[in-house]
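Okay, final.cif now, which holds mmCIF, C-alpha atoms:
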```cif
data_run
#
loop_
_atom_site.label_atom_id
_atom_site.label_comp_id
_atom_site.auth_asym_id
_atom_site.auth_seq_id
_atom_site.Cartn_x
_atom_site.Cartn_y
_atom_site.Cartn_z
CA MET A 1 -122.17 207.84 -62.25
CA ARG A 2 -121.13 204.21 -62.09
CA VAL A 3 -124.52 203.37 -60.62
CA PHE A 4 -126.17 205.23 -63.47
CA PHE A 5 -124.34 203.14 -66.06
CA PHE A 6 -125.25 199.98 -64.24
CA ILE A 7 -128.91 200.90 -64.33
CA LEU A 8 -128.67 201.94 -67.97
CA ILE A 9 -127.14 198.58 -68.92
CA SER A 10 -129.74 196.69 -66.96
CA TYR A 11 -132.43 198.47 -68.98
CA MET A 12 -130.79 197.69 -72.33
CA PRO A 13 -132.94 194.61 -73.01
CA TYR A 14 -136.03 196.84 -73.11
CA CYS A 15 -134.65 198.56 -76.18
CA LEU A 16 -134.87 195.30 -78.13
CA ASN A 17 -137.87 194.37 -80.23
CA ALA A 18 -140.82 194.38 -77.85
CA GLN A 19 -142.22 191.03 -79.06
CA ASP A 20 -138.91 189.20 -78.86
CA ASN A 21 -138.73 190.57 -75.39
CA LEU A 22 -142.09 189.01 -74.55
CA PHE A 23 -140.89 185.59 -75.77
CA SER A 24 -138.03 185.84 -73.32
CA LEU A 25 -140.59 186.20 -70.52
CA LEU A 26 -142.16 182.83 -71.36
CA SER A 27 -141.18 180.23 -68.86
CA LYS A 28 -138.56 177.91 -70.22
CA ASP A 29 -139.83 174.36 -70.27
CA LYS A 30 -137.45 172.37 -68.13
CA SER A 31 -139.05 168.97 -68.67
CA PRO A 32 -136.77 166.63 -70.67
CA VAL A 33 -137.45 166.26 -74.38
CA TYR A 34 -137.77 162.54 -75.08
CA VAL A 35 -136.62 161.16 -78.41
CA ASN A 36 -139.53 159.19 -79.83
CA TYR A 37 -140.27 156.86 -82.71
CA LEU A 38 -136.90 155.13 -83.03
CA PHE A 39 -138.49 152.39 -85.10
CA LYS A 40 -141.71 152.23 -87.08
CA GLY A 41 -142.86 148.95 -85.57
CA THR A 42 -142.49 146.93 -82.40
CA LYS A 43 -140.17 144.60 -84.35
CA ILE A 44 -137.16 145.45 -86.46
CA VAL A 45 -137.55 142.39 -88.67
CA ASN A 46 -138.13 139.29 -86.55
CA GLY A 47 -136.58 140.55 -83.34
CA GLN A 48 -138.18 143.04 -81.02
CA SER A 49 -137.40 146.74 -81.31
CA VAL A 50 -137.45 149.21 -78.41
CA GLU A 51 -140.86 150.45 -79.54
CA LEU A 52 -143.77 149.41 -77.37
CA GLN A 53 -147.37 149.21 -78.32
CA ALA A 54 -148.98 152.47 -77.21
CA LYS A 55 -151.36 152.51 -74.27
CA ASP A 56 -154.81 151.06 -75.00
CA ILE A 57 -153.80 150.11 -78.53
CA LEU A 58 -154.40 146.53 -79.61
CA GLN A 59 -152.53 145.43 -82.70
CA PHE A 60 -153.45 142.33 -84.67
CA ASN A 61 -150.65 140.93 -86.84
CA ILE A 62 -150.79 138.39 -89.61
CA GLN A 63 -147.27 137.28 -90.46
CA HIS A 64 -146.39 135.09 -93.44
CA ARG A 65 -143.12 133.36 -94.25
CA PHE A 66 -142.55 131.43 -97.44
CA GLY A 67 -140.07 128.70 -98.36
CA PRO A 68 -136.46 129.26 -99.46
CA LEU A 69 -135.79 131.20 -102.66
CA ASN A 70 -133.39 128.48 -103.84
CA SER A 71 -136.06 125.75 -103.80
CA GLY A 72 -136.53 126.05 -107.58
CA ALA A 73 -139.26 126.88 -110.07
CA TYR A 74 -141.17 123.70 -109.17
CA ASN A 75 -141.89 125.26 -105.78
CA LEU A 76 -142.24 128.74 -107.29
CA TYR A 77 -139.06 129.80 -105.48
CA GLY A 78 -140.51 129.06 -102.08
CA LEU A 79 -143.96 130.58 -102.49
CA ASP A 80 -145.58 127.12 -102.43
CA PHE A 81 -144.67 126.77 -98.79
CA SER A 82 -146.18 129.15 -96.37
CA GLN A 83 -146.47 129.42 -92.65
CA VAL A 84 -148.41 131.89 -90.61
CA ARG A 85 -148.11 133.45 -87.21
CA LEU A 86 -151.14 135.20 -85.78
CA SER A 87 -150.51 137.51 -82.88
CA LEU A 88 -151.98 140.22 -80.71
CA GLU A 89 -150.04 143.00 -78.98
CA TYR A 90 -151.47 145.37 -76.43
CA GLY A 91 -150.13 148.39 -74.53
CA LEU A 92 -151.07 148.22 -70.83
CA ASN A 93 -149.59 151.66 -70.22
CA ASP A 94 -146.83 153.85 -71.61
CA TRP A 95 -144.05 151.51 -70.51
CA ILE A 96 -145.48 147.97 -70.46
CA SER A 97 -146.82 146.02 -73.40
CA ILE A 98 -147.79 142.37 -73.72
CA GLY A 99 -148.26 140.05 -76.63
CA ILE A 100 -149.39 136.56 -77.52
CA GLY A 101 -149.02 134.61 -80.75
CA ARG A 102 -149.01 131.25 -82.41
CA SER A 103 -146.86 129.94 -85.22
CA SER A 104 -148.46 127.45 -87.59
CA SER A 105 -145.66 125.17 -88.73
CA THR A 106 -143.79 124.80 -85.44
CA LYS A 107 -147.03 124.80 -83.40
CA VAL A 108 -145.58 127.08 -80.78
CA ILE A 109 -147.61 129.43 -78.62
CA ASP A 110 -145.58 132.39 -77.41
CA ALA A 111 -146.29 135.13 -74.91
CA ASN A 112 -144.08 138.12 -74.26
CA SER A 113 -143.88 141.23 -72.14
CA LYS A 114 -141.84 144.34 -72.78
CA PHE A 115 -140.86 146.89 -70.16
CA ARG A 116 -139.31 150.20 -70.99
CA LEU A 117 -136.78 151.21 -68.34
CA LYS A 118 -135.27 154.35 -69.83
CA ARG A 119 -135.94 156.69 -72.72
CA GLN A 120 -133.47 158.54 -74.86
CA ILE A 121 -133.47 162.23 -73.99
CA LEU A 122 -132.44 165.05 -76.32
CA ASN A 123 -129.05 166.28 -75.08
CA GLY A 124 -129.41 163.90 -72.14
CA PHE A 125 -129.63 160.18 -71.56
CA PRO A 126 -128.14 158.56 -74.70
CA VAL A 127 -130.25 155.41 -75.23
CA THR A 128 -133.68 153.88 -74.82
CA ILE A 129 -133.55 150.68 -72.76
CA VAL A 130 -136.22 147.98 -72.91
CA ILE A 131 -136.41 144.51 -71.40
CA ASN A 132 -138.19 141.80 -73.36
CA SER A 133 -139.11 138.40 -71.92
CA VAL A 134 -140.72 135.61 -73.88
CA ILE A 135 -142.09 132.23 -72.87
CA CYS A 136 -142.85 129.67 -75.55
CA LEU A 137 -144.84 126.47 -75.37
CA LYS A 138 -144.56 123.86 -78.07
CA GLN A 139 -147.88 122.10 -78.50
CA ILE A 140 -147.89 118.31 -78.57
CA SER A 141 -150.50 116.22 -80.31
CA SER A 142 -152.64 113.95 -78.17
CA SER A 143 -151.23 110.83 -79.85
CA ASN A 144 -147.74 111.95 -78.90
CA LEU A 145 -148.88 112.64 -75.38
CA LEU A 146 -149.99 109.04 -74.92
CA SER A 147 -146.85 107.42 -76.25
CA SER A 148 -144.44 106.01 -73.64
CA ASN A 149 -141.51 108.33 -74.33
CA SER A 150 -143.58 111.47 -74.26
CA VAL A 151 -142.27 114.64 -72.75
CA GLY A 152 -144.29 116.67 -70.30
CA LEU A 153 -145.48 120.23 -70.45
CA TYR A 154 -142.42 121.43 -68.59
CA ASP A 155 -140.11 119.99 -71.24
CA ASN A 156 -141.85 121.94 -73.98
CA LEU A 157 -141.18 125.33 -72.51
CA SER A 158 -138.45 127.66 -73.64
CA TYR A 159 -137.57 131.19 -72.65
CA THR A 160 -135.95 134.29 -74.13
CA HIS A 161 -134.67 137.27 -72.19
CA GLN A 162 -133.30 140.31 -73.95
CA ILE A 163 -132.14 143.72 -73.01
CA LEU A 164 -132.53 146.21 -75.82
CA PHE A 165 -130.42 149.34 -76.14
CA ALA A 166 -131.30 151.68 -78.98
CA ARG A 167 -130.34 155.15 -80.05
CA LYS A 168 -131.74 157.45 -82.68
CA ILE A 169 -128.51 158.69 -84.24
CA THR A 170 -130.07 161.04 -86.76
CA ARG A 171 -133.73 161.63 -87.54
CA ASN A 172 -133.49 158.86 -90.17
CA LEU A 173 -131.08 156.39 -88.60
CA SER A 174 -131.63 154.35 -85.43
CA LEU A 175 -129.37 151.56 -84.18
CA GLN A 176 -130.03 148.84 -81.64
CA PHE A 177 -127.89 146.41 -79.68
CA THR A 178 -129.62 143.38 -78.19
CA PRO A 179 -127.78 140.90 -75.93
CA THR A 180 -129.99 137.82 -75.77
CA PHE A 181 -130.20 134.82 -73.47
CA LEU A 182 -132.29 131.79 -74.36
CA HIS A 183 -133.07 128.74 -72.29
CA TYR A 184 -134.63 125.45 -73.39
CA ASN A 185 -135.97 123.13 -70.73
CA PHE A 186 -135.37 120.24 -73.06
CA VAL A 187 -132.93 119.86 -75.94
CA GLU A 188 -133.26 117.02 -78.41
CA ILE A 189 -129.57 116.59 -79.17
CA GLN A 190 -127.40 115.02 -76.51
CA ASN A 191 -124.71 117.21 -75.00
CA ALA A 192 -126.34 120.29 -76.47
CA ASN A 193 -126.44 123.24 -74.17
CA ASN A 194 -129.78 124.24 -72.69
CA ASP A 195 -128.59 127.85 -72.50
CA ARG A 196 -127.72 129.88 -75.57
CA PHE A 197 -126.32 133.36 -75.92
CA SER A 198 -126.57 135.66 -78.91
CA LEU A 199 -125.78 139.24 -79.69
CA GLY A 200 -128.33 141.07 -81.78
CA PHE A 201 -127.66 144.15 -83.88
CA GLY A 202 -130.37 146.09 -85.64
CA GLY A 203 -130.87 149.27 -87.57
CA ARG A 204 -133.48 151.39 -89.25
CA GLN A 205 -132.72 153.82 -92.07
CA LYS A 206 -135.61 155.90 -93.31
CA LEU A 207 -135.58 156.18 -97.09
CA THR A 208 -138.56 158.51 -97.34
CA LYS A 209 -140.97 159.79 -94.70
CA ARG A 210 -143.00 156.61 -95.00
CA ILE A 211 -140.57 153.92 -96.16
CA SER A 212 -137.70 152.56 -94.14
CA LEU A 213 -135.07 149.87 -94.65
CA ASN A 214 -134.42 147.67 -91.62
CA THR A 215 -131.54 145.27 -91.00
CA GLU A 216 -131.03 142.76 -88.24
CA PHE A 217 -128.18 140.42 -87.41
CA PHE A 218 -127.94 137.87 -84.60
CA TYR A 219 -124.46 136.59 -83.86
CA GLN A 220 -124.32 133.24 -82.04
CA LEU A 221 -121.94 133.17 -79.10
CA ASN A 222 -121.99 129.52 -78.02
CA GLU A 223 -123.79 127.55 -80.70
CA ILE A 224 -121.64 126.41 -83.59
CA LYS A 225 -124.18 124.35 -85.53
CA ASN A 226 -126.61 127.19 -85.70
CA LYS A 227 -126.09 129.93 -88.29
CA ASN A 228 -125.97 133.59 -87.59
CA VAL A 229 -129.21 135.25 -88.61
CA LEU A 230 -129.26 138.01 -91.19
CA SER A 231 -132.50 139.72 -92.13
CA PHE A 232 -133.60 142.72 -94.17
CA GLY A 233 -136.97 144.37 -94.04
CA PHE A 234 -138.91 147.14 -95.69
CA ASP A 235 -141.52 149.02 -93.69
CA ILE A 236 -144.06 150.77 -95.87
CA GLU A 237 -146.55 152.96 -94.10
CA THR A 238 -149.83 153.76 -95.79
CA GLY A 239 -151.74 155.83 -93.26
CA GLY A 240 -153.59 153.32 -91.07
CA HIS A 241 -151.52 150.26 -91.94
CA VAL A 242 -147.87 149.26 -91.99
CA PHE A 243 -146.78 146.68 -94.56
CA GLN A 244 -143.53 144.93 -93.83
CA LEU A 245 -141.63 142.90 -96.41
CA HIS A 246 -138.80 140.68 -95.22
CA LEU A 247 -135.88 138.64 -96.52
CA SER A 248 -134.14 136.42 -93.98
CA ASN A 249 -132.15 133.21 -93.76
CA SER A 250 -134.58 132.06 -91.10
CA PRO A 251 -138.15 130.98 -91.86
CA HIS A 252 -139.21 131.41 -88.23
CA MET A 253 -140.88 134.33 -86.54
CA ILE A 254 -140.35 133.86 -82.80
CA ASP A 255 -137.16 134.35 -80.83
CA THR A 256 -136.58 130.81 -79.59
CA ASP A 257 -136.89 129.54 -83.15
CA PHE A 258 -135.26 132.12 -85.37
CA ILE A 259 -132.35 133.04 -83.12
CA THR A 260 -131.24 129.50 -82.37
CA ASN A 261 -132.80 127.22 -84.97
CA THR A 262 -131.66 128.87 -88.17
CA ILE A 263 -129.98 126.49 -90.55
CA GLY A 264 -130.21 128.53 -93.74
CA ASP A 265 -127.16 130.20 -95.21
CA PHE A 266 -127.93 133.62 -96.63
CA LEU A 267 -125.05 133.52 -99.13
CA LYS A 268 -126.10 130.11 -100.48
CA GLY A 269 -129.56 131.37 -101.30
CA ASP A 270 -131.40 129.99 -98.28
CA ILE A 271 -133.42 133.16 -98.19
CA PHE A 272 -137.00 133.23 -97.05
CA PHE A 273 -139.40 135.89 -98.22
CA GLY A 274 -142.13 137.04 -95.89
CA PHE A 275 -144.52 139.83 -95.15
CA ASN A 276 -146.54 141.17 -92.25
CA ILE A 277 -149.79 143.02 -92.27
CA SER A 278 -151.15 144.61 -89.14
CA ARG A 279 -154.21 146.46 -88.03
CA VAL A 280 -154.54 148.54 -84.89
CA PHE A 281 -157.62 148.94 -82.71
CA ASN A 282 -158.04 151.73 -80.22
CA LEU A 283 -159.55 150.31 -77.04
CA ASN A 284 -159.80 153.38 -74.84
CA MET B 1 -129.12 212.08 -61.25
CA ASN B 2 -132.13 211.57 -59.01
CA LYS B 3 -134.40 212.76 -61.79
CA ILE B 4 -133.00 210.16 -64.19
CA LEU B 5 -133.50 207.43 -61.64
CA PHE B 6 -137.04 208.59 -61.11
CA ILE B 7 -137.78 208.48 -64.86
CA LEU B 8 -136.31 205.00 -65.07
CA LEU B 9 -138.53 203.86 -62.23
CA ILE B 10 -141.60 205.28 -63.99
CA SER B 11 -140.68 203.44 -67.15
CA THR B 12 -140.36 200.24 -65.13
CA GLN B 13 -143.92 200.76 -64.00
CA ILE B 14 -145.05 200.83 -67.63
CA GLN B 15 -142.99 197.77 -68.48
CA ALA B 16 -144.62 195.91 -65.62
CA GLN B 17 -148.10 195.87 -67.20
CA ILE B 18 -147.50 192.35 -68.35
CA PHE B 19 -149.87 189.41 -68.30
CA LEU B 20 -148.61 185.84 -68.37
CA GLY B 21 -150.20 182.42 -68.84
CA ASN B 22 -148.68 178.95 -69.10
CA THR B 23 -151.60 176.54 -69.13
CA GLY B 24 -153.58 177.80 -72.08
CA LYS B 25 -155.50 175.44 -74.27
CA ILE B 26 -155.28 175.23 -78.04
CA SER B 27 -157.16 172.50 -79.86
CA PHE B 28 -157.60 171.83 -83.52
CA PHE B 29 -160.22 170.07 -85.50
CA SER B 30 -160.11 168.48 -88.93
CA GLU B 31 -163.51 167.62 -90.31
CA THR B 32 -164.14 165.41 -93.33
CA PRO B 33 -167.08 163.16 -94.21
CA ILE B 34 -164.85 160.12 -93.51
CA GLU B 35 -163.06 161.02 -90.32
CA ASN B 36 -162.95 163.74 -87.69
CA ILE B 37 -159.60 164.35 -86.04
CA THR B 38 -159.05 166.45 -82.95
CA ALA B 39 -156.12 167.09 -80.65
CA VAL B 40 -155.59 169.25 -77.58
CA ASN B 41 -152.58 171.06 -76.20
CA ASP B 42 -152.94 172.15 -72.54
CA ASN B 43 -149.49 173.67 -72.21
CA VAL B 44 -149.75 176.80 -74.30
CA SER B 45 -147.97 179.83 -72.92
CA ALA B 46 -148.69 183.42 -73.82
CA VAL B 47 -147.67 186.93 -72.81
CA PHE B 48 -149.54 190.20 -73.28
CA ASP B 49 -147.92 193.59 -72.79
CA ALA B 50 -150.64 196.12 -71.99
CA SER B 51 -148.32 199.07 -72.58
CA ASN B 52 -148.04 198.43 -76.32
CA ASN B 53 -150.74 195.75 -76.91
CA ASN B 54 -148.17 193.19 -78.01
CA LEU B 55 -149.30 189.58 -77.72
CA VAL B 56 -147.22 186.42 -78.16
CA PHE B 57 -148.09 182.71 -77.98
CA GLN B 58 -145.85 179.69 -77.89
CA LEU B 59 -146.50 175.95 -77.77
CA SER B 60 -144.64 172.70 -78.15
CA ILE B 61 -145.89 170.49 -81.00
CA THR B 62 -145.30 167.30 -79.01
CA ASP B 63 -147.74 168.52 -76.33
CA PHE B 64 -150.70 167.90 -78.66
CA ILE B 65 -152.56 164.89 -77.32
CA PHE B 66 -154.64 162.81 -79.72
CA PRO B 67 -157.22 160.22 -78.71
CA ASN B 68 -155.33 157.76 -80.93
CA ALA B 69 -151.59 157.14 -80.43
CA LEU B 70 -151.05 156.22 -84.06
CA MET B 71 -152.50 159.55 -85.22
CA GLN B 72 -150.22 161.33 -82.77
CA GLU B 73 -147.23 159.50 -84.22
CA HIS B 74 -148.18 160.42 -87.78
CA PHE B 75 -148.83 164.03 -86.74
CA ASN B 76 -145.35 164.34 -85.19
CA GLU B 77 -143.40 162.17 -87.60
CA ASN B 78 -144.97 162.76 -90.99
CA TYR B 79 -146.85 166.03 -90.95
CA LEU B 80 -145.49 168.52 -88.40
CA GLU B 81 -141.98 166.99 -88.16
CA SER B 82 -141.77 167.96 -84.51
CA ASP B 83 -138.15 166.84 -84.21
CA LYS B 84 -137.18 169.49 -86.78
CA TYR B 85 -139.73 172.14 -85.81
CA PRO B 86 -140.50 171.57 -82.12
CA ASN B 87 -142.41 174.82 -81.49
CA SER B 88 -145.14 176.89 -83.00
CA THR B 89 -145.29 180.60 -82.20
CA PHE B 90 -147.44 183.64 -82.79
CA SER B 91 -146.39 187.23 -82.29
CA GLY B 92 -148.70 190.11 -82.99
CA ILE B 93 -150.58 193.16 -81.84
CA VAL B 94 -154.09 193.50 -80.49
CA THR B 95 -155.98 196.04 -82.57
CA ASN B 96 -159.59 197.21 -82.42
CA LEU B 97 -160.34 196.34 -78.83
CA GLU B 98 -164.02 197.15 -78.30
CA ASN B 99 -166.49 195.70 -75.80
CA ASP B 100 -164.29 192.68 -75.09
CA ASN B 101 -164.04 191.89 -78.80
CA ALA B 102 -160.64 192.21 -80.36
CA THR B 103 -158.80 191.76 -83.60
CA VAL B 104 -155.29 190.39 -83.47
CA GLU B 105 -152.81 190.78 -86.32
CA GLY B 106 -149.46 189.13 -86.48
CA LYS B 107 -147.19 186.38 -87.65
CA LEU B 108 -148.01 182.70 -87.09
CA THR B 109 -145.19 180.17 -87.39
CA ILE B 110 -146.03 176.48 -87.84
CA HIS B 111 -143.76 173.80 -89.33
CA GLY B 112 -141.04 176.42 -89.77
CA ILE B 113 -143.21 178.54 -92.09
CA THR B 114 -144.33 182.03 -91.06
CA ASN B 115 -147.50 183.64 -92.40
CA LYS B 116 -149.33 186.86 -91.57
CA ILE B 117 -152.73 186.21 -90.07
CA THR B 118 -155.64 188.18 -88.63
CA ALA B 119 -157.98 186.67 -86.08
CA ASN B 120 -161.03 187.85 -84.16
CA GLY B 121 -162.02 186.79 -80.71
CA LYS B 122 -163.01 187.63 -77.18
CA PHE B 123 -160.47 189.62 -75.22
CA ILE B 124 -161.71 190.23 -71.70
CA ASN B 125 -159.43 192.35 -69.51
CA ASN B 126 -160.55 192.89 -65.94
CA GLY B 127 -157.33 194.36 -64.61
CA ASP B 128 -155.97 191.29 -62.80
CA PHE B 129 -156.35 188.81 -65.58
CA ILE B 130 -157.14 188.60 -69.26
CA SER B 131 -159.16 185.89 -70.88
CA ILE B 132 -158.68 185.22 -74.59
CA ILE B 133 -161.04 183.01 -76.57
CA ALA B 134 -160.63 182.88 -80.32
CA ASN B 135 -161.23 180.68 -83.35
CA LEU B 136 -159.29 180.69 -86.53
CA SER B 137 -158.69 178.51 -89.52
CA VAL B 138 -155.38 177.66 -91.18
CA ARG B 139 -154.71 176.09 -94.54
CA LEU B 140 -152.26 173.17 -94.34
CA ASP B 141 -150.87 174.16 -97.72
CA ASP B 142 -149.81 177.57 -96.37
CA TYR B 143 -147.49 175.83 -93.91
CA ARG B 144 -146.17 173.23 -96.35
CA ILE B 145 -147.86 170.36 -94.53
CA LYS B 146 -148.28 167.79 -97.28
CA ILE B 147 -151.04 165.21 -97.16
CA PRO B 148 -150.43 162.10 -99.29
CA THR B 149 -153.19 161.25 -101.74
CA ILE B 150 -154.02 157.99 -99.94
CA VAL B 151 -155.25 159.84 -96.84
CA MET B 152 -156.39 163.02 -98.61
CA TYR B 153 -160.06 162.34 -97.91
CA LYS B 154 -159.41 161.83 -94.20
CA ILE B 155 -157.69 165.14 -93.46
CA ALA B 156 -159.29 168.53 -94.08
CA GLU B 157 -157.48 171.20 -96.09
CA ASN B 158 -158.52 173.83 -93.59
CA ILE B 159 -157.96 173.09 -89.95
CA LYS B 160 -160.09 174.84 -87.33
CA ILE B 161 -158.18 176.06 -84.31
CA ASN B 162 -159.72 176.99 -80.95
CA ILE B 163 -157.78 179.10 -78.47
CA ASP B 164 -158.69 179.45 -74.81
CA ILE B 165 -156.16 180.99 -72.46
CA LYS B 166 -156.13 182.98 -69.25
CA LEU B 167 -153.31 185.44 -68.57
CA VAL B 168 -152.57 186.68 -65.06
CA SER B 169 -151.05 190.06 -64.27
CA ASN B 170 -147.36 189.75 -63.48
CA LYS B 171 -147.20 192.06 -60.45
#
```

Would you write out, as structure tokens, the structure that this file holds?
Amino acid sequence: MRVFFFILISYMPYCLNAQDNLFSLLSKDKSPVYVNYLFKGTKIVNGQSVELQAKDILQFNIQHRFGPLNSGAYNLYGLDFSQVRLSLEYGLNDWISIGIGRSSSTKVIDANSKFRLKRQILNGFPVTIVINSVICLKQISSSNLLSSNSVGLYDNLSYTHQILFARKITRNLSLQFTPTFLHYNFVEIQNANNDRFSLGFGGRQKLTKRISLNTEFFYQLNEIKNKNVLSFGFDIETGGHVFQLHLSNSPHMIDTDFITNTIGDFLKGDIFFGFNISRVFNLN
Amino acid sequence: MNKILFILLISTQIQAQIFLGNTGKISFFSETPIENITAVNDNVSAVFDASNNNLVFQLSITDFIFPNALMQEHFNENYLESDKYPNSTFSGIVTNLENDNATVEGKLTIHGITNKITANGKFINNGDFISIIANLSVRLDDYRIKIPTIVMYKIAENIKINIDIKLVSNK
């Protein structure tokens, strides 16, 4: 009789709704569910985000930064000054992307590579980890090159290395922590350190499905003269394009400039308005 | 006692007429004068129970592969909200099976919304495996998938769906 009950119980599931029963026969997918799209763009504001350019996608960016808001009506609150950075970003595969750009006012050519080491997994690994390395070359004019106290190519190089940790906390909120190391082969001020350390913090809060508010803060660890960098950005997605509007106390757009050469004070009105427009091309 | 066991065994035999597939293909197609959009999912699973003609399908929204990564991002993030609604399912019954042509009636769930649908297609059963090929069309509005006005002319209101799956007898 005990055996009979055992068999009866083991047949109980068949008494359930036949179609629910069929769903239970479907093989459970054991592959990890990756958490995607932590940020809308490859940058939070000026600093890199953990997002990489997708494979075979080439993105062309035109970035503008204007002068400080507190420069008065004569300069139309900064809009009379403008600098541009043109850049290209390309995804080699799912976990490597490369980029190259040039900033107009500082005449710096920069190249970077991003590697994704780990991805956030639903109910699994907690963060996405990306390494970003940048090399920057400051161009020198030929007249400068000929003068006696000229500096060589080697002296005009600077480097940035960052490790990016980010987590999508909710479907609207993502946070990022970015320890950053910068090295300058040549520093103009005597006794200044060639190596600089900063801690970056960033966040993205979606306001609607297509608009998000981004914030970024770089805290300087060993550079007193340089200000901490505070930036706010709006990402507005319109189908094929993403418009980004920025307010920052730094007018620069590349790591070795904005992280360590920011002299503006956000609270005193040294705020620079800027915007980015980008266009993607599918190269596959 | 032995009789009961025997009956149970017989009923097991009936229950065992089950066909399973895990690598089915479902693709969809949006056609407008401006842009054609297509995506393919090669990981569709389905089960058919020959004893009562019940048929179920299940797929993961993130398994849809687009030729363009940006489209795939918009599909997951803005339209299907795959983080909220990761799966799409169908459960129904095969009716009117004649000369390998079948009608299937049931409930289709996409984007968390369930609607009753009827679809026609090929249903070829040769004992060891079943091959299902069907086309249907769904209205985005029926599943509360909202298209903003700025891209309205790029995305069709009715999306064509092609189903192609092979189910193997689970002996």

Can you translate the PyMOL selection byres ((chain B and resi 59) around 10) into the concrete residues it hits in this file, as a PyMOL selection string? chain B and resi 22+24-26+41-46+57-58+60-64+86-90

Contacts of Leu207 of chain A within 10 Å, all atoms listed in the file, excl. fewer than 3 positions in-chain, as a PyMOL selection string: chain A and resi 172-173+204+210-213+234-235

Written as number ranges by chain, which residues does the PyMOL selection byres ((chain B and resi 121) around 7) give for the file shown? B: 101-103, 119-120, 122-123, 133-135

On this structure, which residues satisfy the PyMOL selection byres ((chain B and resi 36) around 12), written as a count of residues only? 21

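Going from atom CA of Gly124 of chain A over to atom CA of Leu38 of chain A, you cover 15.9 Å.
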
Taking all atoms listed in the file into account, which of A:Ser97, A:Leu26, A:Ser158, A:Ser82 comes nearest Ile57 of chain A? A:Ser97

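Minimum distance to Gly92 of chain B across B:Val104, B:Leu20, B:Ile113, B:Ile65 (counting only C-alpha atoms) occurs at B:Val104.
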
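Atom pair atom CA of Tyr85 of chain B / atom CA of Thr170 of chain A: separated by 14.7 Å.
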
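Considering the residues B:Ile18, B:Lys166, B:Thr149, B:Ala69 and counting all atoms listed in the file, Val280 of chain A has its shortest atom-to-atom contact with B:Ala69.
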
Which residues are near Ile100 of chain A? Cut-off 7 Å, only C-alpha atoms, ignore same chain within fewer than 3 positions. Put them as a ChimeraX atom specification. /A:87-89,110-112

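Residues with any atom within 9 Å of the point (-148.8, 179.0, -88.3), counting only C-alpha atoms, are B:Ser88, B:Thr89, B:Phe90, B:Lys107, B:Leu108, B:Thr109, B:Ile110, B:His111, B:Gly112, B:Ile113, B:Thr114, B:Asn115, B:Lys116, B:Ile117, B:Val138, B:Asp142, B:Tyr143.
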
Write out the residues from the selection above, keeping C-alpha atoms, as a PDB file, in the frame of the given file.
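Writing the result to selection-v6.pdb gives the following:
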```
ATOM      1  CA  SER B  88    -145.140 176.890 -83.000  1.00  0.00           C
ATOM      2  CA  THR B  89    -145.290 180.600 -82.200  1.00  0.00           C
ATOM      3  CA  PHE B  90    -147.440 183.640 -82.790  1.00  0.00           C
ATOM      4  CA  LYS B 107    -147.190 186.380 -87.650  1.00  0.00           C
ATOM      5  CA  LEU B 108    -148.010 182.700 -87.090  1.00  0.00           C
ATOM      6  CA  THR B 109    -145.190 180.170 -87.390  1.00  0.00           C
ATOM      7  CA  ILE B 110    -146.030 176.480 -87.840  1.00  0.00           C
ATOM      8  CA  HIS B 111    -143.760 173.800 -89.330  1.00  0.00           C
ATOM      9  CA  GLY B 112    -141.040 176.420 -89.770  1.00  0.00           C
ATOM     10  CA  ILE B 113    -143.210 178.540 -92.090  1.00  0.00           C
ATOM     11  CA  THR B 114    -144.330 182.030 -91.060  1.00  0.00           C
ATOM     12  CA  ASN B 115    -147.500 183.640 -92.400  1.00  0.00           C
ATOM     13  CA  LYS B 116    -149.330 186.860 -91.570  1.00  0.00           C
ATOM     14  CA  ILE B 117    -152.730 186.210 -90.070  1.00  0.00           C
ATOM     15  CA  VAL B 138    -155.380 177.660 -91.180  1.00  0.00           C
ATOM     16  CA  ASP B 142    -149.810 177.570 -96.370  1.00  0.00           C
ATOM     17  CA  TYR B 143    -147.490 175.830 -93.910  1.00  0.00           C
TER      18      TYR B 143
END
```

Which neighbours of Phe48 of chain B fall inside 7 Å, counting only C-alpha atoms, when residues of the same chain fewer than 5 positions from it are skipped, and could you give them as a PDB file with C-alpha atoms, in the frame of the given file?
```pdb
ATOM      1  CA  ILE B  18    -147.500 192.350 -68.350  1.00  0.00           C
ATOM      2  CA  PHE B  19    -149.870 189.410 -68.300  1.00  0.00           C
ATOM      3  CA  LEU B  20    -148.610 185.840 -68.370  1.00  0.00           C
ATOM      4  CA  ASN B  53    -150.740 195.750 -76.910  1.00  0.00           C
ATOM      5  CA  ASN B  54    -148.170 193.190 -78.010  1.00  0.00           C
ATOM      6  CA  LEU B  55    -149.300 189.580 -77.720  1.00  0.00           C
ATOM      7  CA  VAL B  56    -147.220 186.420 -78.160  1.00  0.00           C
TER       8      VAL B  56
END
```

Take segment 274-283 of chain A from the preceding structure and save C-alpha atoms as an mmCIF file, in the first residue's frame.
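Listed below is the output, out.cif:
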```cif
data_model
loop_
_atom_site.group_PDB
_atom_site.id
_atom_site.type_symbol
_atom_site.label_atom_id
_atom_site.label_comp_id
_atom_site.auth_asym_id
_atom_site.auth_seq_id
_atom_site.Cartn_x
_atom_site.Cartn_y
_atom_site.Cartn_z
ATOM 1 C CA GLY A 274 29.024 71.650 -23.808
ATOM 2 C CA PHE A 275 27.303 69.170 -26.023
ATOM 3 C CA ASN A 276 28.126 66.062 -28.012
ATOM 4 C CA ILE A 277 26.547 64.742 -31.132
ATOM 5 C CA SER A 278 27.374 61.314 -32.449
ATOM 6 C CA ARG A 279 26.548 59.164 -35.400
ATOM 7 C CA VAL A 280 27.083 55.427 -35.651
ATOM 8 C CA PHE A 281 28.052 53.450 -38.742
ATOM 9 C CA ASN A 282 27.614 49.720 -39.032
ATOM 10 C CA LEU A 283 30.696 48.254 -40.686
#
```
